[in-house]
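First the structure, in the form of structure tokens, and then the observations on it.
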Amino acid sequence: MALSLPHTLQALLFASGEALPKKRVLSLLEIPEEMLEAAVTELQDELQGTGLSLVITDNEFELRTSPDASLVVEKLRQSELSRDLGKAGLETLAIVLYQNGATRGEVDFVRGVNSTAALRSLLLRGLVERSADESDKRRARYTVTIDALAHLGISKREDLPGFSELSGTLGAHHAAAEVSSEVA
């Protein structure tokens with residue numbers, strides 16, 4: 001049984017984990033704008049009284065937790081913040097630090113696994129921040145915050161152990177990935 005268009009939209013927004021531009025949604029779903037508007041209206045109606053809500057701007061859509069669930073979501077966030085960063089969080093933070101910023105895809109490539117949860121944890125803790133990637137506005141680029149440097153007890157990235165050799169190795173690794181993606 002195929003999903004209805006509103007449920008397909010819901011799955012797409014859930015899987016994305018962040019706001020999606022309207023144009024991208026139209027392209028992915030391969031539908032006209034009128035069908036998308038109808039699906040958005042239907043999905044909004046279906047989400048009433050649930051733990052999710054659809055946030056809409058002129059150009060983007062995002063699936064978020066409902067404001068009614070804010071207390072329990074806040075408890076979850078607090079429990080996440082009370083835990084240690086863990087190996088995945090430390091690896092992810094190191095990649096972002098040594099590369100002077102990275103996209104999720106770049107972090108995934110270096111780690112060899114999906115890094116969404118680790119990046120989310122770092123964002124919640126205020127150790128990284130997300131901004132539009134200058135080379136491709138559809139992607140987010142993660143950079144470390146001053147809080148991350150303070151948390152690590154350093155005043156600048158160059159104070160990290162083995163900074164020059166590791167940042168060079170990561171740069172070469174990144175260049176090799178770009179070449180292999182261009183060939184494919």
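Ligands are numbered from 1 in the order shown, chains are lettered A, B, ... in the order of the structure tokens, and residues start at 1 in each chain.
Around Val144 in chain A, within 7 Å and counting only C-alpha atoms, the residues found are Val96, Leu97, Leu127, Val128, Glu129, Tyr142, Ile146 and Ala148 of chain A, once anything fewer than 2 positions away on its own chain is removed.
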What does the file look like for those residues with N, CA and C atoms, as a compact mmCIF listing (two decimals), in the first residue's frame?
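Below you can see selection17.txt, which holds the result:
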```
# COMPACT_ATOMS: atom_id res chain seq x y z
N VAL A 96 35.21 18.58 13.13
CA VAL A 96 34.79 19.95 12.86
C VAL A 96 35.90 20.93 13.25
N LEU A 97 36.56 20.67 14.36
CA LEU A 97 37.66 21.54 14.81
C LEU A 97 38.85 21.50 13.86
N LEU A 127 28.21 23.62 21.44
CA LEU A 127 29.61 23.43 21.10
C LEU A 127 29.88 23.63 19.61
N VAL A 128 28.85 23.46 18.79
CA VAL A 128 28.94 23.77 17.36
C VAL A 128 27.73 24.61 16.99
N GLU A 129 27.86 25.32 15.87
CA GLU A 129 26.73 26.06 15.34
C GLU A 129 26.58 25.73 13.88
N TYR A 142 28.86 23.11 9.79
CA TYR A 142 29.00 23.17 11.24
C TYR A 142 30.37 23.73 11.59
N ILE A 146 32.89 29.38 20.49
CA ILE A 146 33.88 29.76 21.49
C ILE A 146 33.71 28.91 22.75
N ALA A 148 33.07 25.76 22.78
CA ALA A 148 33.79 24.51 22.56
C ALA A 148 35.27 24.67 22.89
```
Legend entry - Per-residue DSSP, range 47-100 of chain A, filtered to strand (DSSP E or B), as a list in words: Leu52, Ser53, Leu54, Val55, Ile56, Glu60, Phe61, Glu62, Leu63, Arg64 and Thr65 of chain A
Legend entry - 12 Å contact set for Ser53 in chain A, only C-alpha atoms, chain neighbours under 6 positions out, as an MDAnalysis selection string: chainID A and resid 10 13:14 40:41 43:47 61:70
Suppose we keep C-alpha atoms; can you now write the selection as a PDB file, in the first residue's frame?
```
ATOM      1  CA  GLN A  10       5.664  13.872   6.664  1.00  0.00           C
ATOM      2  CA  LEU A  13      10.411  16.099   6.564  1.00  0.00           C
ATOM      3  CA  PHE A  14      11.058  13.635   9.385  1.00  0.00           C
ATOM      4  CA  VAL A  40       0.482  20.618   3.561  1.00  0.00           C
ATOM      5  CA  THR A  41      -3.028  21.641   4.618  1.00  0.00           C
ATOM      6  CA  LEU A  43      -0.911  17.182   7.050  1.00  0.00           C
ATOM      7  CA  GLN A  44      -1.414  20.199   9.312  1.00  0.00           C
ATOM      8  CA  ASP A  45      -4.961  19.027  10.046  1.00  0.00           C
ATOM      9  CA  GLU A  46      -3.798  15.468  10.767  1.00  0.00           C
ATOM     10  CA  LEU A  47      -1.078  16.681  13.135  1.00  0.00           C
ATOM     11  CA  PHE A  61       8.774  23.448   5.726  1.00  0.00           C
ATOM     12  CA  GLU A  62       9.940  21.716   8.879  1.00  0.00           C
ATOM     13  CA  LEU A  63       8.497  19.009  11.078  1.00  0.00           C
ATOM     14  CA  ARG A  64       8.877  19.949  14.749  1.00  0.00           C
ATOM     15  CA  THR A  65       7.628  18.793  18.101  1.00  0.00           C
ATOM     16  CA  SER A  66       4.362  20.349  19.177  1.00  0.00           C
ATOM     17  CA  PRO A  67       4.512  23.246  21.647  1.00  0.00           C
ATOM     18  CA  ASP A  68       2.225  21.136  23.876  1.00  0.00           C
ATOM     19  CA  ALA A  69       5.066  18.617  24.239  1.00  0.00           C
ATOM     20  CA  SER A  70       7.611  21.251  25.293  1.00  0.00           C
TER      21      SER A  70
END
```
Inset, instruction - Run DSSP on the backbone and grab whatever in range 48-150 of chain A lands in helix (DSSP H, G or I); send it over as a ChimeraX atom specification. - result: /A:67-82,86-98,104-111,116-124,146-150
Keeping only C-alpha atoms, write the selected residues as a PDB file, in the first residue's frame.
```
ATOM      1  CA  PRO A  67       4.512  23.246  21.647  1.00  0.00           C
ATOM      2  CA  ASP A  68       2.225  21.136  23.876  1.00  0.00           C
ATOM      3  CA  ALA A  69       5.066  18.617  24.239  1.00  0.00           C
ATOM      4  CA  SER A  70       7.611  21.251  25.293  1.00  0.00           C
ATOM      5  CA  LEU A  71       7.929  20.111  28.918  1.00  0.00           C
ATOM      6  CA  VAL A  72       8.739  16.493  28.106  1.00  0.00           C
ATOM      7  CA  VAL A  73      11.043  17.507  25.227  1.00  0.00           C
ATOM      8  CA  GLU A  74      12.886  19.851  27.596  1.00  0.00           C
ATOM      9  CA  LYS A  75      13.394  16.928  30.016  1.00  0.00           C
ATOM     10  CA  LEU A  76      14.855  14.888  27.160  1.00  0.00           C
ATOM     11  CA  ARG A  77      17.234  17.686  26.212  1.00  0.00           C
ATOM     12  CA  GLN A  78      18.336  18.144  29.809  1.00  0.00           C
ATOM     13  CA  SER A  79      19.025  14.424  30.155  1.00  0.00           C
ATOM     14  CA  GLU A  80      21.055  14.497  26.922  1.00  0.00           C
ATOM     15  CA  LEU A  81      23.076  17.440  28.203  1.00  0.00           C
ATOM     16  CA  SER A  82      23.844  15.702  31.495  1.00  0.00           C
ATOM     17  CA  GLY A  86      30.870  10.079  24.283  1.00  0.00           C
ATOM     18  CA  LYS A  87      33.178   8.769  21.589  1.00  0.00           C
ATOM     19  CA  ALA A  88      30.911   9.789  18.678  1.00  0.00           C
ATOM     20  CA  GLY A  89      30.533  13.336  19.994  1.00  0.00           C
ATOM     21  CA  LEU A  90      34.257  13.736  20.588  1.00  0.00           C
ATOM     22  CA  GLU A  91      35.122  12.348  17.141  1.00  0.00           C
ATOM     23  CA  THR A  92      32.621  14.672  15.497  1.00  0.00           C
ATOM     24  CA  LEU A  93      33.837  17.694  17.449  1.00  0.00           C
ATOM     25  CA  ALA A  94      37.447  16.860  16.531  1.00  0.00           C
ATOM     26  CA  ILE A  95      36.608  16.613  12.818  1.00  0.00           C
ATOM     27  CA  VAL A  96      34.789  19.954  12.862  1.00  0.00           C
ATOM     28  CA  LEU A  97      37.657  21.540  14.806  1.00  0.00           C
ATOM     29  CA  TYR A  98      40.542  20.189  12.753  1.00  0.00           C
ATOM     30  CA  ARG A 104      27.385  16.497   7.948  1.00  0.00           C
ATOM     31  CA  GLY A 105      28.388  14.581   4.814  1.00  0.00           C
ATOM     32  CA  GLU A 106      32.051  15.416   5.383  1.00  0.00           C
ATOM     33  CA  VAL A 107      31.849  14.291   9.019  1.00  0.00           C
ATOM     34  CA  ASP A 108      30.047  11.091   7.958  1.00  0.00           C
ATOM     35  CA  PHE A 109      32.735  10.418   5.343  1.00  0.00           C
ATOM     36  CA  VAL A 110      35.596  10.736   7.828  1.00  0.00           C
ATOM     37  CA  ARG A 111      33.827   8.756  10.584  1.00  0.00           C
ATOM     38  CA  THR A 116      23.373  13.205  12.745  1.00  0.00           C
ATOM     39  CA  ALA A 117      22.884  12.320  16.424  1.00  0.00           C
ATOM     40  CA  ALA A 118      26.398  13.430  17.374  1.00  0.00           C
ATOM     41  CA  LEU A 119      25.984  16.770  15.580  1.00  0.00           C
ATOM     42  CA  ARG A 120      22.587  17.265  17.215  1.00  0.00           C
ATOM     43  CA  SER A 121      24.106  16.660  20.643  1.00  0.00           C
ATOM     44  CA  LEU A 122      26.902  19.141  19.945  1.00  0.00           C
ATOM     45  CA  LEU A 123      24.350  21.712  18.726  1.00  0.00           C
ATOM     46  CA  LEU A 124      22.220  21.275  21.855  1.00  0.00           C
ATOM     47  CA  ILE A 146      33.883  29.762  21.491  1.00  0.00           C
ATOM     48  CA  ASP A 147      32.234  27.593  24.164  1.00  0.00           C
ATOM     49  CA  ALA A 148      33.790  24.508  22.560  1.00  0.00           C
ATOM     50  CA  LEU A 149      37.244  26.038  22.736  1.00  0.00           C
ATOM     51  CA  ALA A 150      36.659  27.043  26.359  1.00  0.00           C
TER      52      ALA A 150
END
```
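What separates CA of Glu37 in chain A from CA of Ala15 in chain A is a distance of 19.9 Å.
The space separating CA of Gly101 in chain A from CA of Gly168 in chain A comes to 13.9 Å.
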Inset, instruction - Would you please work out which residue, of A:Ala39, A:Ala102, A:Gly153, A:Ala132, is nearest to Leu3 in chain A when using only C-alpha atoms? - result: A:Ala39
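The coordinates place CA of Arg157 in chain A at 11.4 Å from CA of Thr143 in chain A.
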